[in-house]
>>> print(open('target.cif').read())   # mmCIF, C-alpha atoms
data_upload
loop_
_atom_site.label_atom_id
_atom_site.label_comp_id
_atom_site.auth_asym_id
_atom_site.auth_seq_id
_atom_site.Cartn_x
_atom_site.Cartn_y
_atom_site.Cartn_z
CA MET A 536 25.57 -5.06 13.75
CA ARG A 537 23.30 -2.07 13.29
CA PHE A 538 24.42 1.51 13.48
CA VAL A 539 21.52 3.77 14.35
CA ILE A 540 21.37 7.54 14.33
CA PHE A 541 19.02 9.15 16.83
CA ASP A 542 17.99 12.78 17.03
CA ASP A 543 16.57 13.80 20.39
CA GLY A 544 15.95 10.15 21.12
CA ASN A 545 14.08 9.46 17.89
CA LEU A 546 15.46 7.27 15.14
CA VAL A 547 16.69 9.07 12.05
CA ASP A 548 18.29 6.26 10.07
CA SER A 549 20.13 2.99 10.47
CA PHE A 550 22.99 1.31 8.67
CA ASP A 551 24.81 -1.98 8.44
CA ASP A 552 28.09 -0.27 7.73
CA GLU A 553 29.89 1.76 10.38
CA ALA A 554 31.68 4.06 7.96
CA GLU A 555 28.46 4.77 6.12
CA ALA A 556 26.73 5.57 9.40
CA ALA A 557 29.57 7.83 10.53
CA ASN A 558 29.48 9.68 7.24
CA ALA A 559 25.73 10.15 7.54
CA LEU A 560 26.09 11.41 11.09
CA ARG A 561 28.76 13.84 10.00
CA ASP A 562 26.58 15.13 7.20
CA LEU A 563 23.66 15.58 9.54
CA ALA A 564 25.77 17.24 12.21
CA THR A 565 27.22 19.73 9.75
CA SER A 566 23.91 20.66 8.19
CA ALA A 567 22.63 24.16 8.73
CA ASP A 568 19.78 22.98 10.93
CA ALA A 569 21.83 20.67 13.09
CA GLU A 570 21.01 20.74 16.75
CA PRO A 571 23.09 19.11 19.45
CA TYR A 572 20.84 16.10 19.90
CA LEU A 573 22.36 13.71 17.38
CA LEU A 574 23.69 10.41 18.57
CA LEU A 575 25.09 7.35 16.83
CA ALA A 576 24.66 4.03 18.61
CA ALA A 577 25.71 0.53 17.64
CA PHE A 578 23.54 -2.46 18.43
CA ASP A 579 24.38 -6.11 17.96
CA ASP A 580 22.09 -8.56 16.23
CA ALA A 581 20.24 -9.23 19.48
CA GLY A 582 19.54 -5.56 20.00
CA ASP A 583 22.12 -5.01 22.74
CA LEU A 584 24.07 -1.79 22.76
CA VAL A 585 27.73 -2.26 21.95
CA ALA A 586 30.51 0.31 22.20
CA ASP A 587 30.06 3.92 23.21
CA CYS A 588 27.58 6.27 21.65
CA VAL A 589 29.00 8.95 19.39
CA PRO A 590 27.47 12.43 19.58
CA GLY A 591 27.21 14.21 16.28
CA GLU A 592 29.41 17.14 17.14
CA GLN A 593 32.37 14.89 17.90
CA LEU A 594 32.66 14.26 14.18
CA VAL A 595 32.56 17.90 13.22
CA ILE A 596 35.83 19.77 13.01
CA PRO A 597 35.31 23.49 13.63
CA ALA A 598 36.47 25.69 10.78
CA MET B 972 -7.98 -10.93 -16.79
CA ALA B 973 -10.12 -8.06 -17.96
CA ILE B 974 -13.49 -7.77 -16.28
CA SER B 975 -14.47 -4.85 -18.42
CA SER B 976 -12.72 -1.92 -19.99
CA GLY B 977 -10.40 -0.39 -17.41
CA ILE B 978 -11.16 -3.03 -14.77
CA SER B 979 -9.14 -6.20 -14.48
CA GLU B 980 -8.60 -9.04 -12.08
CA VAL B 981 -4.83 -9.18 -11.58
CA GLY B 982 -4.83 -11.91 -8.95
CA PRO B 983 -7.13 -13.84 -6.68
CA ARG B 984 -9.61 -11.32 -5.26
CA ARG B 985 -7.34 -8.54 -6.51
CA VAL B 986 -8.93 -5.95 -8.77
CA LYS B 987 -7.12 -3.22 -10.64
CA ILE B 988 -8.99 -0.06 -11.55
CA SER B 989 -7.70 2.12 -14.35
CA ALA B 990 -8.50 5.69 -15.28
CA ASN B 991 -10.69 4.58 -18.16
CA ALA B 992 -12.83 2.29 -16.02
CA ASN B 993 -16.54 2.42 -16.63
CA PRO B 994 -17.97 3.76 -13.36
CA ARG B 995 -21.08 1.63 -13.78
CA ARG B 996 -18.97 -1.54 -13.68
CA VAL B 997 -16.84 -0.63 -10.69
CA ALA B 998 -19.20 -1.61 -7.88
CA ALA B 999 -19.73 -5.15 -9.12
CA ALA B 1000 -16.02 -5.64 -9.62
CA VAL B 1001 -15.06 -4.36 -6.18
CA ALA B 1002 -17.70 -6.30 -4.22
CA GLY B 1003 -15.93 -9.19 -2.52
CA ALA B 1004 -12.45 -8.11 -3.60
CA GLY B 1005 -9.65 -8.56 -1.10
CA THR B 1006 -7.51 -5.86 -2.65
CA VAL B 1007 -8.43 -3.00 -4.92
CA GLN B 1008 -5.54 -1.23 -6.56
CA PHE B 1009 -4.77 1.56 -8.94
CA ASP B 1010 -1.50 2.84 -10.31
CA GLU B 1011 -2.47 6.10 -11.95
CA PRO B 1012 -4.56 9.14 -11.08
CA LEU B 1013 -8.22 8.30 -11.39
CA PRO B 1014 -10.83 10.77 -12.61
CA SER B 1015 -13.35 11.89 -10.03
CA ARG B 1016 -16.14 9.87 -11.66
CA VAL B 1017 -14.18 6.68 -11.06
CA HIS B 1018 -13.35 7.65 -7.49
CA ASP B 1019 -17.00 8.41 -6.91
CA ALA B 1020 -17.91 4.98 -8.19
CA LEU B 1021 -15.20 3.28 -6.12
CA ARG B 1022 -15.75 4.75 -2.66
CA SER B 1023 -19.16 3.36 -1.89
CA PRO B 1024 -18.50 -0.31 -2.78
CA LEU B 1025 -15.17 -0.12 -0.95
CA ALA B 1026 -16.95 1.23 2.11
CA ASP B 1027 -19.35 -1.68 1.87
CA ASN B 1028 -16.39 -4.06 1.78
CA PRO B 1029 -14.53 -2.99 4.94
CA ARG B 1030 -12.01 -5.81 4.81
CA ALA B 1031 -10.73 -4.78 1.42
CA GLU B 1032 -7.30 -3.25 1.16
CA LEU B 1033 -6.73 -0.25 -1.08
CA TYR B 1034 -3.33 -0.50 -2.73
CA VAL B 1035 -2.02 2.64 -4.43
CA TYR B 1036 1.18 2.39 -6.41
CA GLY B 1037 2.80 3.56 -9.61
CA HIS B 1038 1.75 7.11 -10.49
CA TYR B 1039 5.10 7.39 -12.21
CA GLY B 1040 5.93 10.93 -13.14
CA GLN B 1041 2.88 12.19 -11.30
CA PRO B 1042 3.32 14.57 -8.37
CA ILE B 1043 1.91 13.14 -5.13
CA ASP B 1044 0.38 15.82 -2.98
CA THR B 1045 1.63 15.73 0.57
CA GLY B 1046 -1.85 15.80 1.98
CA LEU B 1047 -2.92 12.78 -0.07
CA GLU B 1048 -5.92 14.75 -1.22
CA PHE B 1049 -6.53 12.26 -3.98
CA LEU B 1050 -7.66 9.90 -1.23
CA ASP B 1051 -10.30 12.28 0.06
CA GLY B 1052 -13.43 10.35 0.85
CA TYR B 1053 -11.57 7.11 1.57
CA GLU B 1054 -11.20 7.80 5.29
CA PHE B 1055 -13.32 4.75 6.05
CA LEU B 1056 -10.50 2.47 4.93
CA THR B 1057 -9.16 -0.06 7.39
CA GLU B 1058 -6.31 -1.32 5.20
CA LEU B 1059 -4.18 0.95 3.04
CA SER B 1060 -0.95 0.24 1.22
CA LEU B 1061 1.08 3.01 -0.40
CA ASN B 1062 3.87 2.25 -2.80
CA LEU B 1063 4.66 5.63 -4.25
CA ASP B 1064 7.72 7.67 -5.03
CA GLY B 1065 7.78 11.19 -3.73
CA PRO B 1066 6.77 12.69 -0.44
CA ARG B 1067 5.19 10.61 2.23
CA ALA B 1068 3.12 12.64 4.56
CA LEU B 1069 1.44 11.57 7.71
CA ASP B 1070 -0.31 14.91 7.63
CA GLY B 1071 -2.59 13.46 5.02
CA LEU B 1072 -2.81 10.08 6.67
CA ALA B 1073 -3.82 11.48 10.04
CA ARG B 1074 -7.43 11.64 8.93
CA PHE B 1075 -7.51 7.90 8.27
CA VAL B 1076 -8.50 7.09 11.80
CA ASN B 1077 -10.04 3.72 10.97
CA LEU B 1078 -6.87 2.11 9.67
CA ARG B 1079 -5.96 -1.24 11.12
CA ARG B 1080 -3.06 -1.74 8.77
CA LEU B 1081 -0.93 0.76 6.90
CA THR B 1082 1.90 -0.34 4.66
CA PHE B 1083 4.59 1.82 3.11
CA GLN B 1084 6.87 0.61 0.41
CA ARG B 1085 9.58 2.31 -1.58
CA ALA B 1086 10.82 4.22 1.43
CA THR B 1087 13.09 7.09 0.55
CA ILE B 1088 15.82 5.56 2.66
CA PRO B 1089 16.29 1.83 2.44
CA LEU B 1090 16.25 0.48 5.95
CA ARG B 1091 17.84 -2.88 5.45
CA GLU B 1092 16.57 -6.24 6.51
CA ARG B 1093 17.45 -7.12 10.05
CA GLN B 1094 19.83 -10.00 10.57
CA ALA B 1095 18.25 -11.61 13.58
CA PRO B 1096 14.69 -11.88 14.78
CA SER B 1097 13.60 -9.69 17.61
CA ARG B 1098 12.43 -11.20 20.84
CA GLY B 1099 9.28 -9.19 20.40
CA PRO B 1100 7.80 -6.59 22.69
CA ARG B 1101 7.47 -7.51 26.30
CA ALA B 1102 3.76 -7.32 26.26
CA THR B 1103 0.48 -8.98 26.76
CA GLU B 1104 0.64 -9.63 23.08
CA PRO B 1105 3.42 -12.19 22.69
CA ARG B 1106 4.65 -10.92 19.40
CA LEU B 1107 3.58 -8.33 16.91
CA ARG B 1108 2.87 -9.64 13.50
CA ARG B 1109 5.49 -8.87 10.93
CA ARG B 1110 4.57 -9.07 7.34
CA ARG B 1111 6.49 -8.98 4.14
CA ARG B 1112 4.61 -8.21 1.02
CA ARG B 1113 5.75 -9.98 -2.09
CA CYS B 1114 4.85 -8.83 -5.51
CA SER B 1115 3.36 -11.39 -7.81
CA GLY B 1116 4.58 -9.42 -10.77
CA ARG B 1117 1.23 -9.87 -12.42
CA SER B 1118 0.10 -6.39 -11.62
CA GLY B 1119 3.07 -4.79 -13.33
CA CYS B 1120 4.14 -2.98 -10.20
CA GLN B 1121 7.83 -2.39 -9.64
CA HIS B 1122 8.76 -3.45 -6.15
CA ARG B 1123 12.30 -3.01 -5.08
CA SER B 1124 14.38 -5.92 -3.97
CA VAL B 1125 13.70 -7.50 -0.61
CA SER B 1126 17.02 -6.14 0.63
CA GLU B 1127 15.33 -2.77 0.86
CA PHE B 1128 13.24 -2.69 3.97
CA PRO B 1129 9.59 -1.77 3.67
CA ILE B 1130 8.23 0.02 6.67
CA ILE B 1131 5.33 -2.12 7.78
CA VAL B 1132 3.01 -0.09 9.96
CA ASP B 1133 0.48 -1.86 12.15
CA ALA B 1134 -2.24 -0.28 14.19
CA VAL B 1135 -2.12 -1.24 17.84
CA ARG B 1136 -4.81 -3.86 18.17
CA LYS B 1137 -3.78 -5.46 21.44
CA PRO B 1138 -2.03 -3.95 24.44
CA VAL B 1139 1.71 -3.68 23.88
CA THR B 1140 4.30 -2.53 26.40
CA LEU B 1141 7.23 -0.47 25.21
CA TYR B 1142 9.72 1.87 26.87
CA ARG B 1143 10.89 5.38 26.15
CA THR B 1144 13.34 7.68 27.85
CA CYS B 1145 12.31 11.08 29.16
CA HIS B 1146 13.96 13.99 30.93
CA GLY B 1147 12.07 13.83 34.21
CA GLU B 1148 8.89 12.39 35.63
CA ASP B 1149 6.62 15.42 35.72
CA ALA B 1150 3.73 15.71 33.29
CA ASP B 1151 5.47 18.17 31.01
CA ALA B 1152 8.57 16.03 30.74
CA VAL B 1153 6.77 12.84 29.89
CA ARG B 1154 4.50 14.56 27.41
CA ALA B 1155 7.52 16.13 25.75
CA ALA B 1156 9.02 12.67 25.43
CA MET B 1157 5.95 11.52 23.51
CA ARG B 1158 6.65 13.94 20.71
CA SER B 1159 8.18 13.04 17.41
CA ASN B 1160 10.71 15.45 16.01
CA TYR B 1161 7.91 16.62 13.75
CA GLU B 1162 5.62 17.27 16.71
CA ALA B 1163 8.46 19.09 18.43
CA GLY B 1164 8.54 21.51 15.52
CA ARG B 1165 11.96 20.49 14.36
CA ARG B 1166 12.87 20.55 10.72
CA PRO B 1167 13.51 17.24 9.00
CA HIS B 1168 16.98 16.22 8.08
CA PRO B 1169 17.86 15.98 4.42
CA ALA B 1170 15.15 13.91 2.83
CA GLU B 1171 17.56 11.81 0.89
CA ARG B 1172 18.88 10.31 4.07
CA ARG B 1173 15.64 9.06 5.48
CA ALA B 1174 12.06 8.17 4.99
CA ILE B 1175 10.08 11.20 6.02
CA VAL B 1176 7.72 9.04 8.05
CA MET B 1177 10.53 8.54 10.54
CA HIS B 1178 10.45 12.28 11.22
CA MET B 1179 6.94 11.79 12.54
CA ALA B 1180 7.63 8.77 14.71
CA VAL B 1181 8.50 8.40 18.38
CA SER B 1182 11.21 5.87 19.14
CA MET B 1183 10.44 3.23 21.73
CA PHE B 1184 12.12 0.03 22.81
CA GLU B 1185 10.93 -3.41 23.77
CA ASP B 1186 13.33 -3.86 26.65
CA GLY B 1187 13.38 -1.29 29.44
CA GLU B 1188 16.65 -2.54 30.92
CA ARG B 1189 18.43 -2.31 27.61
CA LEU B 1190 17.05 1.16 27.16
CA GLN B 1191 18.39 2.16 30.57
CA SER B 1192 21.83 0.88 29.62
CA PHE B 1193 21.62 2.93 26.45
CA ALA B 1194 20.46 6.07 28.22
CA ARG B 1195 23.17 5.85 30.87
CA GLN B 1196 25.71 6.59 28.20
CA ARG B 1197 24.15 9.89 27.21
CA PRO B 1198 21.45 10.94 29.66
CA ASP B 1199 21.74 14.51 28.42
CA ARG B 1200 20.48 13.40 25.01
CA LEU B 1201 18.33 10.42 25.78
CA GLY B 1202 16.88 11.18 29.19
CA THR B 1203 17.26 10.60 32.89
CA HIS B 1204 14.13 8.47 33.30
CA VAL B 1205 12.45 5.58 31.54
CA ALA B 1206 8.72 5.58 30.96
CA ARG B 1207 6.83 2.34 30.70
CA ILE B 1208 4.16 2.76 28.08
CA GLU B 1209 1.28 0.36 27.63
CA LEU B 1210 -0.03 1.12 24.19
CA ARG B 1211 -3.63 0.11 23.76
CA PRO B 1212 -6.07 -0.03 20.88
CA GLY B 1213 -8.55 2.68 20.14
CA LEU B 1214 -6.18 5.62 20.35
CA GLY B 1215 -5.12 5.70 16.72
CA ILE B 1216 -1.61 4.58 17.59
CA CYS B 1217 0.44 2.76 14.97
CA LEU B 1218 3.86 1.22 15.12
CA ALA B 1219 6.55 -0.42 13.02
CA GLU B 1220 9.72 -2.21 13.95
CA ALA B 1221 12.57 -0.35 12.33
CA GLY B 1222 16.23 0.42 12.67
CA SER B 1223 17.50 -2.24 15.01
CA VAL B 1224 16.17 -5.28 16.79
CA GLY B 1225 13.86 -4.24 19.59
CA HIS B 1226 13.39 -0.67 18.38
CA TRP B 1227 9.90 0.44 17.41
CA SER B 1228 8.83 3.57 15.66
CA VAL B 1229 5.48 4.67 17.06
CA TRP B 1230 3.01 7.07 15.51
CA GLY B 1231 0.49 8.75 17.75
CA LEU B 1232 -0.52 12.10 19.07
CA PRO B 1233 1.39 13.17 22.19
CA ASP B 1234 -1.60 13.24 24.54
CA PRO B 1235 -2.90 9.74 23.77
CA LEU B 1236 0.65 8.42 23.96
CA ALA B 1237 1.16 10.15 27.31
CA ASP B 1238 -2.10 8.64 28.52
CA CYS B 1239 -0.54 5.22 27.94
CA ILE B 1240 2.32 5.83 30.37
CA VAL B 1241 1.90 3.64 33.42
CA ASP B 1242 5.20 4.21 35.18
CA VAL B 1243 8.24 6.45 35.10
CA ILE B 1244 11.40 5.44 36.90
CA PRO B 1245 14.71 7.30 37.27
CA ILE B 1246 17.75 5.76 35.66
CA ASP B 1247 20.38 4.90 38.23
CA PRO B 1248 23.60 6.28 36.76
CA GLU B 1249 25.70 4.07 38.98
CA VAL B 1250 24.38 0.77 37.72
CA LEU B 1251 26.53 -0.79 35.05
#
>>> encode(input="target.cif", output="structure tokens")
Amino acid sequence: MRFVIFDDGNLVDSFDDEAEAANALRDLATSADAEPYLLLAAFDDAGDLVADCVPGEQLVIPA
Amino acid sequence: MAISSGISEVGPRRVKISANANPRRVAAAVAGAGTVQFDEPLPSRVHDALRSPLADNPRAELYVYGHYGQPIDTGLEFLDGYEFLTELSLNLDGPRALDGLARFVNLRRLTFQRATIPLRERQAPSRGPRATEPRLRRRRRRCSGRSGCQHRSVSEFPIIVDAVRKPVTLYRTCHGEDADAVRAAMRSNYEAGRRPHPAERRAIVMHMAVSMFEDGERLQSFARQRPDRLGTHVARIELRPGLGICLAEAGSVGHWSVWGLPDPLADCIVDVIPIDPEVL
């Protein structure tokens, strides 16, 4: 399984570990320059999308 | 094996040039070499002696590595005059800048190692792009250890960049089918003027790449989930040689990072179709 972060449709980074990917997405989404284009997607080993995509702002809890 | 002071043969047809190389001996050593490498800043007299024989040996790869503790300028100005190169391999810590590489328009192969972010080895082979070229060549470089270079483990994924040498078909989402929309979709985040994310989380080259996919149907399935972020249409792009376009498989199976200027990339679009939101 690959967890891939996209920003405006372009790959930012990819991970084997879901928690690691979610943490990275959260960090990116909370950065000062974050724009609402972040998306985390999970792909299986054949490259098929699995599960729902996670937008970056869903992981950010407003202060 | 030392050829002369500052010049050594570190493998078959592999010549290492050091800063103390005698410029008069460089040309003879480089002639016929498959790879010429250096791991430290070279004085201008050595560069001057190296460029001409390298230009006369167009199949030779220039391999630049090491430079430990040395700042690497983002414009790669230390490679000024080497724009004739067709094969270049960079294995350097520090910034990686396609700004500097953009002038290397003759490259047929560009290899990055020691990416800032380790993109791990994939677990299954890709089916390859649906293209007139059955499968893009994927290469792993292994270090012989004889040169003293310090490659990371194979679990850290080198970004292998190939120039497009045969037509390849890939797919990319876009927010509409008009000219402005498809051209906008051919922009990397760098081209779009967006600031990079924290450098420690990624290889900066990815900031300058456009994501494309081998399988248009899979891409449609992906885009249906978030059309607001990914797009409402899918463009079929037939990348062709001669436009300076490079690509590397990265991230997940079937995903390709593509480097090219927006206009040449847009010129490669052969079809744009709307994504049917009702299809599951």
>>> resolve_selection(input="target.cif", expression="the PyMOL selection byres ((chain B and resi 1226) around 12)", output="VMD selection string")
(chain A and resid 537 539 541 544 to 546 548 to 549 578 580 to 584) or (chain B and resid 1093 1096 to 1100 1141 to 1143 1180 to 1187 1189 to 1190 1218 to 1225 1227 to 1229)
>>> atom_distance(input="target.cif", atom1="CA of Ser1023 in chain B", atom2="CA of Thr1006 in chain B")
14.9 Å
>>> resolve_selection(input="target.cif", expression="the PyMOL selection byres ((chain B and resi 1043-1060) around 6)", output="PyMOL selection string")
chain B and resi 1032-1034+1042+1061+1068+1070-1071+1075+1077-1082
>>> resolve_selection(input="target.cif", expression="the PyMOL selection byres ((chain B and resi 1156-1158) around 10)", output="PyMOL selection string")
(chain A and resi 543-545) or (chain B and resi 1143-1147+1150-1155+1159-1164+1179-1183+1201-1202+1205-1206+1229-1238+1240)
>>> closest_residue(input="target.cif", among="B:Cys1217, B:Ala1004, B:Ile1131, B:Ile1246", to="Pro1198 in chain B", atoms="all atoms listed in the file")
B:Ile1246
>>> atom_distance(input="target.cif", atom1="CA of Gly1003 in chain B", atom2="CA of His1038 in chain B")
25.3 Å
>>> closest_residue(input="target.cif", among="B:Arg1166, B:Asp1242, B:Gln1196, B:Gln1041", to="Pro1012 in chain B", atoms="all atoms listed in the file")
B:Gln1041
>>> atom_distance(input="target.cif", atom1="CA of Val1035 in chain B", atom2="CA of Phe1009 in chain B")
5.4 Å
>>> closest_residue(input="target.cif", among="A:Met536, A:Ala564, A:Val547, A:Ala586", to="Met1177 in chain B", atoms="only C-alpha atoms")
A:Val547
>>> closest_residue(input="target.cif", among="B:Pro1167, B:Gly1037, B:Gly1215, B:Gly1005", to="chain A", atoms="all atoms listed in the file")
B:Pro1167
>>> residues_around(input="target.cif", residues="range 977-982 of chain B", least_positions_apart="6", cutoff="8 Å", atoms="only C-alpha atoms", output="list in words")
Ile988, Ser989, Ala990, Asn991, Ala992, Asn993, Val997, Ala1000, Arg1117 and Ser1118 of chain B
>>> closest_residue(input="target.cif", among="B:Ile1208, B:Ile1216, B:Leu1013, B:Ile1175", to="chain A", atoms="only C-alpha atoms")
B:Ile1175
>>> closest_residue(input="target.cif", among="B:Phe1193, B:Ser1015, B:Leu1210, B:Asp1199", to="Asp587 in chain A", atoms="all atoms listed in the file")
B:Phe1193
